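Undergrad: Can you keep this structure in mind? I'll have questions shortly.
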Amino acid sequence: MPELPATMFHFADAANAASILQHGLLSTTGLLHRRGVDAPIAAAAMTFRPSDIELPGGERVRNQAPMPPAALARCLDPGTSPDDWYRLVNGHVFFWLGAERMERHRVALRARDQILLTVDTAALLAFYHDSAFVTPFNIGNARRTPARRGPRTLCPLVSWRQHSWMLEAAAGERPRPASHRPAELLIKGAVPDVHRFIVKSEYIAAW
């Protein structure tokens with residue numbers, strides 16, 4: 001089974017830099033809760049977001065344009081709705097586990113200034129191992145020919161390290177090979193002390 005890389009990556013809109021310095025990395029759910037935003041804003045942020053949403057404190061919640069409801073509905077497991085999926089992903093902080101995917105995301109985000117955080121994987125997981133999950137593909141994209149997905153797609157890191165992708169396999173299907181590398185690492189809730197694990201912080205101007 002492949003080892004996790006020594007470092008992983010997180011993009012944040014530059015408008016969120018002050019919030020990250022003060023409160024660390026929060027999931028969308030956590031950011032909305034901390035801000036105590038009005039119900040209409042919270043509802044718009046927790047369902048499909050075709051465009052970015054600016055919160056009253058100035059933070060931005062990134063859009064979900066790559067996974068519109070109609071596309072999701074075609075690739076979700078039975079019993080999981082698009083709204084279920086949005087609630088699931090909104091409750092986690094995401095990290096890329098490879099430079100290639102990170103670079104593709106950098107290009108996709110080029111319209112706005114970004115902060116790219118490079119994080120020490122082992123140091124973070126020493127404290128967040130039990131709330132960590134890995135995914136076998138980019139679960140934030142449902143366009144083109146998307147892979148089937150559901151809650152099972154977020155594979156607990158503890159399970160992945162012991163049993164590879166066994167828990168991620170759909171009912172009646174063979175698990176992915178142990179050699180299949182995770183695409184993302186997710187932390188449920190928040191990483192309030194992320195500053196302890198950052199090895200590099202890079203400002204990337206829009207271009």
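Chain labels follow the order of the structure tokens: the first chain is A, the next B, and so on; residue numbering restarts at 1 in every chain, and ligands are counted from 1 in their shown order.
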Find the spatial neighbours of stretch 97-108 of chain A, counting only C-alpha atoms, within a cut-off of 8 Å - ignore same-chain residues fewer than 2 positions away - and output them as a PyMOL selection string.
TA: chain A and resi 4-5+7-9+11+95+110-111+182-185
Undergrad: Keeping only all heavy atoms, write the selected residues to a file as an mmCIF file, in the first residue's frame.
TA:
data_model
loop_
_atom_site.group_PDB
_atom_site.id
_atom_site.type_symbol
_atom_site.label_atom_id
_atom_site.label_comp_id
_atom_site.auth_asym_id
_atom_site.auth_seq_id
_atom_site.Cartn_x
_atom_site.Cartn_y
_atom_site.Cartn_z
ATOM 1 N N LEU A 4 1.552 7.821 2.454
ATOM 2 C CA LEU A 4 1.117 9.186 2.218
ATOM 3 C C LEU A 4 2.337 10.070 1.985
ATOM 4 O O LEU A 4 3.403 9.824 2.552
ATOM 5 C CB LEU A 4 0.326 9.706 3.418
ATOM 6 C CG LEU A 4 -1.008 9.014 3.706
ATOM 7 C CD1 LEU A 4 -1.641 9.599 4.961
ATOM 8 C CD2 LEU A 4 -1.964 9.132 2.520
ATOM 9 N N PRO A 5 2.206 11.108 1.142
ATOM 10 C CA PRO A 5 3.353 11.983 0.901
ATOM 11 C C PRO A 5 3.739 12.757 2.159
ATOM 12 O O PRO A 5 2.919 12.946 3.065
ATOM 13 C CB PRO A 5 2.847 12.915 -0.204
ATOM 14 C CG PRO A 5 1.361 12.882 -0.088
ATOM 15 C CD PRO A 5 1.014 11.504 0.375
ATOM 16 N N THR A 7 4.294 15.893 2.498
ATOM 17 C CA THR A 7 3.557 17.147 2.614
ATOM 18 C C THR A 7 2.277 17.069 1.794
ATOM 19 O O THR A 7 2.164 16.273 0.861
ATOM 20 C CB THR A 7 4.394 18.355 2.142
ATOM 21 O OG1 THR A 7 4.834 18.129 0.795
ATOM 22 C CG2 THR A 7 5.589 18.574 3.042
ATOM 23 N N MET A 8 1.315 17.912 2.156
ATOM 24 C CA MET A 8 0.063 18.022 1.404
ATOM 25 C C MET A 8 -0.308 19.491 1.306
ATOM 26 O O MET A 8 0.327 20.346 1.946
ATOM 27 C CB MET A 8 -1.045 17.187 2.042
ATOM 28 C CG MET A 8 -1.289 17.432 3.499
ATOM 29 S SD MET A 8 -2.461 16.216 4.186
ATOM 30 C CE MET A 8 -2.540 16.771 5.890
ATOM 31 N N PHE A 9 -1.331 19.804 0.506
ATOM 32 C CA PHE A 9 -1.564 21.182 0.107
ATOM 33 C C PHE A 9 -3.016 21.592 0.336
ATOM 34 O O PHE A 9 -3.946 20.794 0.147
ATOM 35 C CB PHE A 9 -1.229 21.356 -1.382
ATOM 36 C CG PHE A 9 0.127 20.850 -1.763
ATOM 37 C CD1 PHE A 9 0.276 19.583 -2.316
ATOM 38 C CD2 PHE A 9 1.254 21.620 -1.556
ATOM 39 C CE1 PHE A 9 1.523 19.104 -2.671
ATOM 40 C CE2 PHE A 9 2.508 21.153 -1.905
ATOM 41 C CZ PHE A 9 2.645 19.889 -2.458
ATOM 42 N N PHE A 11 -5.526 25.084 -0.590
ATOM 43 C CA PHE A 11 -5.732 26.421 -1.135
ATOM 44 C C PHE A 11 -6.817 27.130 -0.338
ATOM 45 O O PHE A 11 -7.865 26.559 -0.046
ATOM 46 C CB PHE A 11 -6.188 26.353 -2.599
ATOM 47 C CG PHE A 11 -5.071 26.147 -3.575
ATOM 48 C CD1 PHE A 11 -4.864 24.910 -4.167
ATOM 49 C CD2 PHE A 11 -4.233 27.204 -3.925
ATOM 50 C CE1 PHE A 11 -3.847 24.721 -5.084
ATOM 51 C CE2 PHE A 11 -3.202 27.016 -4.834
ATOM 52 C CZ PHE A 11 -3.010 25.788 -5.412
ATOM 53 N N PHE A 95 -7.362 18.578 1.780
ATOM 54 C CA PHE A 95 -5.965 18.735 1.399
ATOM 55 C C PHE A 95 -5.696 17.885 0.154
ATOM 56 O O PHE A 95 -6.161 16.732 0.070
ATOM 57 C CB PHE A 95 -5.019 18.263 2.516
ATOM 58 C CG PHE A 95 -5.127 19.059 3.782
ATOM 59 C CD1 PHE A 95 -6.018 18.682 4.779
ATOM 60 C CD2 PHE A 95 -4.330 20.183 3.984
ATOM 61 C CE1 PHE A 95 -6.120 19.404 5.961
ATOM 62 C CE2 PHE A 95 -4.423 20.911 5.165
ATOM 63 C CZ PHE A 95 -5.315 20.531 6.152
ATOM 64 N N ARG A 110 -7.218 30.653 -10.715
ATOM 65 C CA ARG A 110 -6.383 31.785 -11.116
ATOM 66 C C ARG A 110 -7.121 33.126 -11.138
ATOM 67 O O ARG A 110 -6.481 34.182 -11.178
ATOM 68 C CB ARG A 110 -5.774 31.522 -12.488
ATOM 69 C CG ARG A 110 -6.782 31.407 -13.625
ATOM 70 C CD ARG A 110 -6.096 30.968 -14.906
ATOM 71 N NE ARG A 110 -7.006 30.843 -16.030
ATOM 72 C CZ ARG A 110 -7.751 29.774 -16.274
ATOM 73 N NH1 ARG A 110 -7.680 28.715 -15.457
ATOM 74 N NH2 ARG A 110 -8.567 29.720 -17.317
ATOM 75 N N ALA A 111 -8.442 33.126 -11.101
ATOM 76 C CA ALA A 111 -9.184 34.391 -11.199
ATOM 77 C C ALA A 111 -9.125 35.220 -9.917
ATOM 78 O O ALA A 111 -9.450 36.407 -9.938
ATOM 79 C CB ALA A 111 -10.636 34.118 -11.576
ATOM 80 N N PRO A 182 -4.328 7.597 -2.744
ATOM 81 C CA PRO A 182 -5.379 8.558 -2.404
ATOM 82 C C PRO A 182 -5.143 9.896 -3.105
ATOM 83 O O PRO A 182 -4.004 10.314 -3.309
ATOM 84 C CB PRO A 182 -5.248 8.721 -0.884
ATOM 85 C CG PRO A 182 -4.464 7.542 -0.421
ATOM 86 C CD PRO A 182 -3.564 7.176 -1.558
ATOM 87 N N ALA A 183 -6.245 10.548 -3.462
ATOM 88 C CA ALA A 183 -6.161 11.861 -4.103
ATOM 89 C C ALA A 183 -6.220 12.991 -3.091
ATOM 90 O O ALA A 183 -5.557 14.020 -3.260
ATOM 91 C CB ALA A 183 -7.295 12.020 -5.111
ATOM 92 N N GLU A 184 -7.034 12.807 -2.052
ATOM 93 C CA GLU A 184 -7.262 13.859 -1.074
ATOM 94 C C GLU A 184 -7.203 13.282 0.335
ATOM 95 O O GLU A 184 -7.484 12.101 0.540
ATOM 96 C CB GLU A 184 -8.657 14.476 -1.252
ATOM 97 C CG GLU A 184 -8.959 15.006 -2.638
ATOM 98 C CD GLU A 184 -10.448 15.220 -2.857
ATOM 99 O OE1 GLU A 184 -11.227 14.275 -2.619
ATOM 100 O OE2 GLU A 184 -10.825 16.329 -3.256
ATOM 101 N N LEU A 185 -6.885 14.145 1.275
ATOM 102 C CA LEU A 185 -7.027 13.827 2.692
ATOM 103 C C LEU A 185 -7.974 14.861 3.292
ATOM 104 O O LEU A 185 -7.819 16.054 3.062
ATOM 105 C CB LEU A 185 -5.684 13.830 3.415
ATOM 106 C CG LEU A 185 -5.745 13.350 4.879
ATOM 107 C CD1 LEU A 185 -4.548 12.461 5.216
ATOM 108 C CD2 LEU A 185 -5.810 14.530 5.852
#
Undergrad: Excluding stretch 29-42 of chain A and residues on its chain fewer than 3 positions from it, collect all residues at most 6 Å away from it, counting only C-alpha atoms, and give them as a list of chain:residue names.
TA: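 Listed by chain and then number, they are A:Leu26, A:Ala45, A:Asn90, A:Gly91.
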Undergrad: Could the residues in this selection be saved with all heavy atoms as an mmCIF file, in the first residue's frame?
TA:
data_model
loop_
_atom_site.group_PDB
_atom_site.id
_atom_site.type_symbol
_atom_site.label_atom_id
_atom_site.label_comp_id
_atom_site.auth_asym_id
_atom_site.auth_seq_id
_atom_site.Cartn_x
_atom_site.Cartn_y
_atom_site.Cartn_z
ATOM 1 N N LEU A 26 -11.211 26.043 8.916
ATOM 2 C CA LEU A 26 -12.549 25.590 9.287
ATOM 3 C C LEU A 26 -13.248 25.019 8.067
ATOM 4 O O LEU A 26 -13.075 25.508 6.946
ATOM 5 C CB LEU A 26 -13.379 26.759 9.833
ATOM 6 C CG LEU A 26 -12.808 27.562 11.002
ATOM 7 C CD1 LEU A 26 -13.752 28.712 11.356
ATOM 8 C CD2 LEU A 26 -12.584 26.667 12.208
ATOM 9 N N ALA A 45 -25.183 28.658 1.280
ATOM 10 C CA ALA A 45 -23.834 28.111 1.382
ATOM 11 C C ALA A 45 -23.829 26.603 1.577
ATOM 12 O O ALA A 45 -22.868 25.928 1.205
ATOM 13 C CB ALA A 45 -23.077 28.787 2.519
ATOM 14 N N ASN A 90 -19.248 19.711 2.963
ATOM 15 C CA ASN A 90 -19.151 20.988 3.678
ATOM 16 C C ASN A 90 -18.655 20.820 5.116
ATOM 17 O O ASN A 90 -18.243 21.801 5.744
ATOM 18 C CB ASN A 90 -20.509 21.687 3.715
ATOM 19 C CG ASN A 90 -20.880 22.319 2.388
ATOM 20 O OD1 ASN A 90 -20.018 22.623 1.573
ATOM 21 N ND2 ASN A 90 -22.165 22.526 2.166
ATOM 22 N N GLY A 91 -18.677 19.612 5.631
ATOM 23 C CA GLY A 91 -18.262 19.366 7.001
ATOM 24 C C GLY A 91 -16.800 18.997 7.154
ATOM 25 O O GLY A 91 -16.376 18.612 8.248
#
Undergrad: Give me the residues of stretch 66-131 of chain A that have any atom at most 10 Å from an atom of stretch 144-167 of chain A; for each, the nearest atom pair and the distance in Å, rounded to one decimal. Use only C-alpha atoms, sort by chain and number, and format it as CSV.
TA:
residue,atom,partner,partner_atom,distance
A:Pro66,CA,A:Arg144,CA,9.7
A:Met67,CA,A:Pro146,CA,9.6
A:Ala71,CA,A:Pro146,CA,8.3
A:Leu72,CA,A:Pro146,CA,8.4
A:Ala73,CA,A:Arg148,CA,9.9
A:Arg74,CA,A:Arg148,CA,8.3
A:Cys75,CA,A:Arg148,CA,4.6
A:Leu76,CA,A:Arg149,CA,5.1
A:Asp77,CA,A:Gly150,CA,5.3
A:Pro78,CA,A:Gly150,CA,8.4
A:Gly79,CA,A:Gly150,CA,8.9
A:Thr80,CA,A:Gly150,CA,6.5
A:Ser81,CA,A:Gly150,CA,9.1
A:Pro82,CA,A:Gly150,CA,9.9
A:Asp84,CA,A:Pro151,CA,9.1
A:Trp85,CA,A:Gly150,CA,7.3
A:Leu88,CA,A:Pro151,CA,7.6
A:Val89,CA,A:Leu154,CA,9.4
A:Leu125,CA,A:Leu157,CA,9.7
A:His129,CA,A:Leu157,CA,7.0
A:Asp130,CA,A:Val158,CA,6.9
A:Ser131,CA,A:Pro156,CA,7.7
Undergrad: Could you tell me, as a ChimeraX atom specification, which residues of stretch 69-137 of chain A DSSP assigns to helix (DSSP H, G or I) when given the backbone?
TA: /A:69-73,82-90,99-108,121-131
Undergrad: Produce a file of the selected residues containing N, CA and C atoms, as a CSV table (one decimal), in the first residue's frame.
TA:
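See part.csv below for the written result:
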chain,number,residue,atom,x,y,z
A,69,PRO,N,-26.1,19.8,-9.2
A,69,PRO,CA,-27.0,18.8,-8.7
A,69,PRO,C,-27.3,17.7,-9.8
A,70,ALA,N,-27.6,18.1,-11.0
A,70,ALA,CA,-27.9,17.2,-12.0
A,70,ALA,C,-26.8,16.2,-12.3
A,71,ALA,N,-25.6,16.7,-12.3
A,71,ALA,CA,-24.4,15.8,-12.5
A,71,ALA,C,-24.2,14.8,-11.3
A,72,LEU,N,-24.4,15.4,-10.1
A,72,LEU,CA,-24.2,14.6,-8.9
A,72,LEU,C,-25.3,13.4,-8.9
A,73,ALA,N,-26.5,13.8,-9.3
A,73,ALA,CA,-27.6,12.8,-9.2
A,73,ALA,C,-27.3,11.6,-10.0
A,82,PRO,N,-28.1,14.8,-3.8
A,82,PRO,CA,-27.1,15.9,-3.9
A,82,PRO,C,-27.0,16.7,-2.7
A,83,ASP,N,-28.1,17.1,-2.0
A,83,ASP,CA,-28.0,17.9,-0.8
A,83,ASP,C,-27.3,17.1,0.3
A,84,ASP,N,-27.5,15.8,0.4
A,84,ASP,CA,-26.8,14.9,1.3
A,84,ASP,C,-25.2,15.1,1.1
A,85,TRP,N,-24.9,15.1,-0.2
A,85,TRP,CA,-23.5,15.1,-0.6
A,85,TRP,C,-22.9,16.5,-0.2
A,86,TYR,N,-23.6,17.6,-0.5
A,86,TYR,CA,-23.1,18.9,-0.2
A,86,TYR,C,-22.9,19.0,1.3
A,87,ARG,N,-23.9,18.5,2.1
A,87,ARG,CA,-23.7,18.6,3.6
A,87,ARG,C,-22.5,17.8,4.0
A,88,LEU,N,-22.2,16.7,3.4
A,88,LEU,CA,-21.1,15.8,3.8
A,88,LEU,C,-19.8,16.6,3.5
A,89,VAL,N,-19.6,17.1,2.3
A,89,VAL,CA,-18.3,17.7,1.9
A,89,VAL,C,-18.2,19.0,2.7
A,90,ASN,N,-19.2,19.7,3.0
A,90,ASN,CA,-19.2,21.0,3.7
A,90,ASN,C,-18.7,20.8,5.1
A,99,ALA,N,1.3,16.9,-5.9
A,99,ALA,CA,1.6,18.2,-6.5
A,99,ALA,C,0.9,18.4,-7.8
A,100,GLU,N,0.7,17.3,-8.6
A,100,GLU,CA,0.0,17.5,-9.9
A,100,GLU,C,-1.4,18.0,-9.7
A,101,ARG,N,-2.1,17.4,-8.8
A,101,ARG,CA,-3.5,17.9,-8.6
A,101,ARG,C,-3.5,19.3,-8.0
A,102,MET,N,-2.5,19.6,-7.2
A,102,MET,CA,-2.4,20.9,-6.6
A,102,MET,C,-2.2,21.9,-7.7
A,103,GLU,N,-1.4,21.6,-8.7
A,103,GLU,CA,-1.1,22.5,-9.8
A,103,GLU,C,-2.3,22.7,-10.7
A,104,ARG,N,-3.1,21.7,-10.9
A,104,ARG,CA,-4.3,21.8,-11.7
A,104,ARG,C,-5.3,22.8,-11.0
A,105,HIS,N,-5.4,22.6,-9.7
A,105,HIS,CA,-6.3,23.4,-8.9
A,105,HIS,C,-5.8,24.9,-8.9
A,106,ARG,N,-4.5,25.1,-8.8
A,106,ARG,CA,-3.9,26.4,-8.9
A,106,ARG,C,-4.4,27.2,-10.2
A,107,VAL,N,-4.4,26.5,-11.3
A,107,VAL,CA,-4.8,27.0,-12.5
A,107,VAL,C,-6.3,27.3,-12.5
A,108,ALA,N,-7.1,26.4,-11.9
A,108,ALA,CA,-8.6,26.6,-11.9
A,108,ALA,C,-8.9,27.8,-11.0
A,121,THR,N,2.4,16.4,6.6
A,121,THR,CA,1.4,15.4,6.8
A,121,THR,C,1.5,14.6,8.1
A,122,ALA,N,2.6,14.1,8.4
A,122,ALA,CA,2.8,13.3,9.6
A,122,ALA,C,2.5,14.1,10.9
A,123,ALA,N,3.0,15.4,10.9
A,123,ALA,CA,2.8,16.2,12.1
A,123,ALA,C,1.3,16.5,12.3
A,124,LEU,N,0.6,16.8,11.3
A,124,LEU,CA,-0.8,17.0,11.4
A,124,LEU,C,-1.6,15.8,11.9
A,125,LEU,N,-1.2,14.6,11.2
A,125,LEU,CA,-1.9,13.4,11.6
A,125,LEU,C,-1.6,12.9,12.9
A,126,ALA,N,-0.5,13.3,13.5
A,126,ALA,CA,-0.2,12.9,14.9
A,126,ALA,C,-1.3,13.4,15.8
A,127,PHE,N,-2.0,14.4,15.5
A,127,PHE,CA,-3.1,15.0,16.3
A,127,PHE,C,-4.5,14.7,15.7
A,128,TYR,N,-4.6,14.5,14.4
A,128,TYR,CA,-5.9,14.4,13.8
A,128,TYR,C,-6.1,13.1,13.1
A,129,HIS,N,-5.4,12.1,13.4
A,129,HIS,CA,-5.5,10.8,12.7
A,129,HIS,C,-6.9,10.2,12.8
A,130,ASP,N,-7.5,10.3,13.9
A,130,ASP,CA,-8.8,9.7,14.1
A,130,ASP,C,-10.0,10.4,13.4
A,131,SER,N,-9.7,11.7,13.0
A,131,SER,CA,-10.8,12.4,12.3
A,131,SER,C,-10.4,12.6,10.8
Undergrad: Find the residue from A:Leu25, A:Leu117, A:Ala169, A:Ala178 that sits nearest to A:Val194; use only C-alpha atoms when measuring.
TA: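 Counting only C-alpha atoms, the residue closest to A:Val194 is A:Leu25.
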Undergrad: May I have all residues of stretch 44-185 of chain A that DSSP, computed from the backbone, assigns to strand (DSSP E), given as a ChimeraX atom specification?
TA: /A:53-54,60-61,92-96,114-120,132-135,155-156,184-185
Undergrad: Keeping C-alpha atoms, export the residues of the selection given above as a compact mmCIF listing (two decimals), in the first residue's frame.
TA:
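Writing the result to out_29.txt gives the following:
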# COMPACT_ATOMS: atom_id res chain seq x y z
CA ILE A 53 -20.43 33.44 -1.43
CA GLU A 54 -19.03 36.33 0.59
CA ARG A 60 -15.43 33.71 0.94
CA VAL A 61 -16.99 30.27 0.64
CA HIS A 92 -14.60 18.70 6.12
CA VAL A 93 -11.32 20.49 5.47
CA PHE A 94 -9.62 19.29 2.27
CA PHE A 95 -5.97 18.73 1.40
CA TRP A 96 -4.45 17.64 -1.92
CA GLN A 114 -5.02 32.61 -3.20
CA ILE A 115 -2.99 31.39 -0.24
CA LEU A 116 -1.33 28.02 -0.79
CA LEU A 117 -0.47 26.20 2.43
CA THR A 118 2.01 23.32 2.38
CA VAL A 119 1.45 21.18 5.46
CA ASP A 120 3.55 18.50 7.17
CA ALA A 132 -8.95 11.93 8.97
CA PHE A 133 -10.30 10.38 5.77
CA VAL A 134 -8.82 9.67 2.35
CA THR A 135 -10.58 9.64 -1.01
CA CYS A 155 -12.58 6.20 3.71
CA PRO A 156 -11.42 6.56 7.35
CA GLU A 184 -7.26 13.86 -1.07
CA LEU A 185 -7.03 13.83 2.69
Undergrad: When distances are computed from only C-alpha atoms, which of A:Pro56, A:Ala14, A:Ala65, A:Gly172 shows the smallest separation from A:Ala206?
TA: A:Ala14
